[in-house]
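Engineer: start_27.pdb is reproduced in full below (PDB, C-alpha atoms, pLDDT in the B column).
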```pdb
ATOM      1  CA  MET W   1      94.135  50.121  51.646  1.00 87.00           C
ATOM      2  CA  ARG W   2      95.533  50.111  48.146  1.00 91.00           C
ATOM      3  CA  ARG W   3      96.630  53.019  45.987  1.00 94.00           C
ATOM      4  CA  TYR W   4      94.891  53.721  42.679  1.00 94.00           C
ATOM      5  CA  GLU W   5      95.047  56.204  39.840  1.00 94.00           C
ATOM      6  CA  LEU W   6      91.515  57.289  39.012  1.00 93.00           C
ATOM      7  CA  THR W   7      91.065  59.121  35.721  1.00 94.00           C
ATOM      8  CA  VAL W   8      87.709  60.814  35.246  1.00 94.00           C
ATOM      9  CA  ILE W   9      86.268  62.611  32.220  1.00 94.00           C
ATOM     10  CA  PHE W  10      83.600  65.228  32.933  1.00 92.00           C
ATOM     11  CA  PRO W  11      81.419  67.063  30.362  1.00 92.00           C
ATOM     12  CA  LEU W  12      82.593  70.499  29.208  1.00 90.00           C
ATOM     13  CA  GLU W  13      79.343  72.247  30.154  1.00 89.00           C
ATOM     14  CA  GLU W  14      79.982  74.085  33.420  1.00 88.00           C
ATOM     15  CA  ASP W  15      76.705  73.131  35.114  1.00 88.00           C
ATOM     16  CA  GLN W  16      77.146  69.427  34.334  1.00 88.00           C
ATOM     17  CA  HIS W  17      80.830  69.571  35.241  1.00 88.00           C
ATOM     18  CA  SER W  18      80.214  71.141  38.653  1.00 89.00           C
ATOM     19  CA  ALA W  19      77.244  68.869  39.434  1.00 89.00           C
ATOM     20  CA  GLY W  20      79.166  65.777  38.353  1.00 88.00           C
ATOM     21  CA  ARG W  21      82.273  66.745  40.303  1.00 89.00           C
ATOM     22  CA  THR W  22      80.277  67.520  43.465  1.00 91.00           C
ATOM     23  CA  GLN W  23      78.469  64.172  43.302  1.00 92.00           C
ATOM     24  CA  PHE W  24      81.729  62.374  42.457  1.00 90.00           C
ATOM     25  CA  LEU W  25      83.615  63.834  45.436  1.00 92.00           C
ATOM     26  CA  SER W  26      80.741  63.122  47.840  1.00 93.00           C
ATOM     27  CA  ASP W  27      80.629  59.495  46.618  1.00 92.00           C
ATOM     28  CA  LEU W  28      84.363  59.162  47.286  1.00 92.00           C
ATOM     29  CA  ALA W  29      84.000  60.652  50.784  1.00 93.00           C
ATOM     30  CA  ALA W  30      81.003  58.460  51.611  1.00 93.00           C
ATOM     31  CA  ASN W  31      83.043  55.358  50.772  1.00 91.00           C
ATOM     32  CA  GLY W  32      86.044  56.346  52.888  1.00 91.00           C
ATOM     33  CA  VAL W  33      88.394  57.082  50.003  1.00 91.00           C
ATOM     34  CA  GLU W  34      91.451  59.209  50.765  1.00 93.00           C
ATOM     35  CA  ILE W  35      92.439  61.576  47.924  1.00 93.00           C
ATOM     36  CA  GLU W  36      96.222  62.036  47.894  1.00 94.00           C
ATOM     37  CA  LYS W  37      96.557  64.248  44.817  1.00 94.00           C
ATOM     38  CA  THR W  38      94.355  65.869  42.165  1.00 93.00           C
ATOM     39  CA  ASP W  39      95.699  66.831  38.748  1.00 94.00           C
ATOM     40  CA  GLU W  40      93.507  68.907  36.423  1.00 91.00           C
ATOM     41  CA  MET W  41      94.542  67.845  32.923  1.00 91.00           C
ATOM     42  CA  GLY W  42      92.239  70.265  31.106  1.00 89.00           C
ATOM     43  CA  ASP W  43      89.966  69.965  28.095  1.00 93.00           C
ATOM     44  CA  ARG W  44      90.926  67.277  25.586  1.00 93.00           C
ATOM     45  CA  ASP W  45      89.525  65.518  22.569  1.00 92.00           C
ATOM     46  CA  LEU W  46      88.063  62.071  23.200  1.00 91.00           C
ATOM     47  CA  ALA W  47      89.311  59.117  21.162  1.00 90.00           C
ATOM     48  CA  TYR W  48      85.713  58.374  20.205  1.00 91.00           C
ATOM     49  CA  GLU W  49      82.318  59.944  20.806  1.00 92.00           C
ATOM     50  CA  VAL W  50      80.917  59.355  24.303  1.00 89.00           C
ATOM     51  CA  LYS W  51      77.307  60.325  25.007  1.00 87.00           C
ATOM     52  CA  LYS W  52      77.337  62.443  21.812  1.00 89.00           C
ATOM     53  CA  ARG W  53      80.365  64.462  22.987  1.00 90.00           C
ATOM     54  CA  LYS W  54      83.762  64.766  21.331  1.00 92.00           C
ATOM     55  CA  ARG W  55      85.592  66.657  24.125  1.00 93.00           C
ATOM     56  CA  GLY W  56      85.761  66.403  27.893  1.00 93.00           C
ATOM     57  CA  LYS W  57      87.507  67.727  31.017  1.00 93.00           C
ATOM     58  CA  TYR W  58      90.079  65.233  32.257  1.00 94.00           C
ATOM     59  CA  VAL W  59      90.993  64.973  35.954  1.00 94.00           C
ATOM     60  CA  LEU W  60      93.502  62.521  37.447  1.00 95.00           C
ATOM     61  CA  PHE W  61      93.158  61.528  41.115  1.00 94.00           C
ATOM     62  CA  LEU W  62      95.640  59.538  43.195  1.00 95.00           C
ATOM     63  CA  ILE W  63      93.590  57.784  45.866  1.00 93.00           C
ATOM     64  CA  LYS W  64      93.808  55.218  48.641  1.00 94.00           C
ATOM     65  CA  ALA W  65      90.830  52.896  48.905  1.00 91.00           C
ATOM     66  CA  ASP W  66      89.744  49.488  50.102  1.00 91.00           C
ATOM     67  CA  PRO W  67      89.335  47.091  47.121  1.00 90.00           C
ATOM     68  CA  ALA W  68      85.759  46.272  48.156  1.00 90.00           C
ATOM     69  CA  LYS W  69      84.922  49.984  48.109  1.00 91.00           C
ATOM     70  CA  VAL W  70      86.340  50.303  44.576  1.00 91.00           C
ATOM     71  CA  ILE W  71      83.828  47.709  43.374  1.00 91.00           C
ATOM     72  CA  ASN W  72      81.043  49.670  45.072  1.00 91.00           C
ATOM     73  CA  LEU W  73      82.281  52.958  43.572  1.00 91.00           C
ATOM     74  CA  ASP W  74      82.320  51.397  40.114  1.00 91.00           C
ATOM     75  CA  ARG W  75      78.630  50.601  40.483  1.00 92.00           C
ATOM     76  CA  ILE W  76      77.842  54.109  41.803  1.00 91.00           C
ATOM     77  CA  PHE W  77      79.785  55.902  39.038  1.00 90.00           C
ATOM     78  CA  LYS W  78      77.856  54.034  36.344  1.00 90.00           C
ATOM     79  CA  LEU W  79      74.692  55.734  37.623  1.00 89.00           C
ATOM     80  CA  ASN W  80      76.179  59.257  37.592  1.00 86.00           C
ATOM     81  CA  ALA W  81      74.938  60.845  34.349  1.00 86.00           C
ATOM     82  CA  ASN W  82      77.434  63.720  34.700  1.00 88.00           C
ATOM     83  CA  LEU W  83      80.481  61.461  34.261  1.00 90.00           C
ATOM     84  CA  LEU W  84      81.485  60.601  30.721  1.00 91.00           C
ATOM     85  CA  LYS W  85      84.109  57.972  31.585  1.00 93.00           C
ATOM     86  CA  TYR W  86      86.292  56.844  34.481  1.00 93.00           C
ATOM     87  CA  LEU W  87      89.077  54.318  34.979  1.00 93.00           C
ATOM     88  CA  PHE W  88      90.627  52.802  38.099  1.00 93.00           C
ATOM     89  CA  VAL W  89      94.252  51.626  37.774  1.00 95.00           C
ATOM     90  CA  ARG W  90      95.926  49.931  40.720  1.00 94.00           C
ATOM     91  CA  ILE W  91      99.398  51.250  41.546  1.00 91.00           C
ATOM     92  CA  GLU W  92     101.835  48.470  42.389  1.00 88.00           C
ATOM     93  CA  GLU W  93     103.738  49.131  45.604  1.00 77.00           C
TER      94      GLU W  93
END
```
Could you write out this file's structure as structure tokens?

Structural biologist:
Amino acid sequence: MRRYELTVIFPLEEDQHSAGRTQFLSDLAANGVEIEKTDEMGDRDLAYEVKKRKRGKYVLFLIKADPAKVINLDRIFKLNANLLKYLFVRIEE
């Protein structure tokens, strides 16, 4: 298993944020991802408009995952309408 930083941007609306976060965490659990740390970074301005929004809730996760599962998660996250953006960054050991 490799370590990754996973940055996720959720919508500011509370109902979309909670629905997106619930679905996001269940997708991680279903793919055997181990969450080491969660860092709520708060509401921030986006560099550019995403899905007609200018602000979002940023959350940083430190995770351990199998590289094949990361590819699968990338495909799953694209279908989640309650995620604005996400980014996987591999942490070098």

Engineer: For Pro11 in chain W, work out the shell of residues within 9 Å, counting all atoms listed in the file and skipping chain neighbours fewer than 6 positions away, then give it as a ChimeraX atom specification.

Structural biologist: /W:17,20,53,55-57,82-84

Engineer: Let me know the residues the PyMOL selection byres ((chain W and resi 37-45) around 7) catches in the file above, as an MDAnalysis selection string.

Structural biologist: chainID W and resid 35:36 46:47 54:62

Engineer: Give as a PyMOL selection string the residues that the PyMOL selection byres ((chain W and resi 68) around 12) matches when applied to the coordinates above.

Structural biologist: chain W and resi 1-2+31-33+65-67+69-75

Engineer: Pick from W:Ile76, W:Leu25, W:Val50, W:Ile63: nearest to Leu6 in chain W, with only C-alpha atoms counted?

Structural biologist: W:Ile63

Engineer: Smallest atom-to-atom distance to Ile9 in chain W: which of W:Asp27, W:Glu49, W:Lys85, W:Glu93, using only C-alpha atoms?

Structural biologist: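 Closest residue, counting only C-alpha atoms: W:Lys85.
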
Engineer: Please compute the CA of Val8 in chain W-CA of Phe88 in chain W distance, one decimal, in Å.

Structural biologist: 9.0 Å

Engineer: Which is closer to Phe24 in chain W than all the others in W:Glu5, W:Ala81, W:Leu12, W:Val89, using all atoms listed in the file?

Structural biologist: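 Of W:Glu5, W:Ala81, W:Leu12, W:Val89, the one nearest Phe24 in chain W is W:Ala81, counting all atoms listed in the file.
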
Engineer: Can you work out which one of W:Arg21, W:Lys52, W:Lys78, W:Lys64 has the shortest atom-to-atom distance to Arg90 in chain W, counting all atoms listed in the file?

Structural biologist: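 Nearest to Arg90 in chain W: W:Lys64.
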
Engineer: Go through W:Thr22, W:Glu34, W:Leu87, W:Asn80 one by one, measure the shortest atom-to-atom distance of each to Arg3 in chain W using all atoms listed in the file, and give the residue with the smallest value.

Structural biologist: W:Glu34
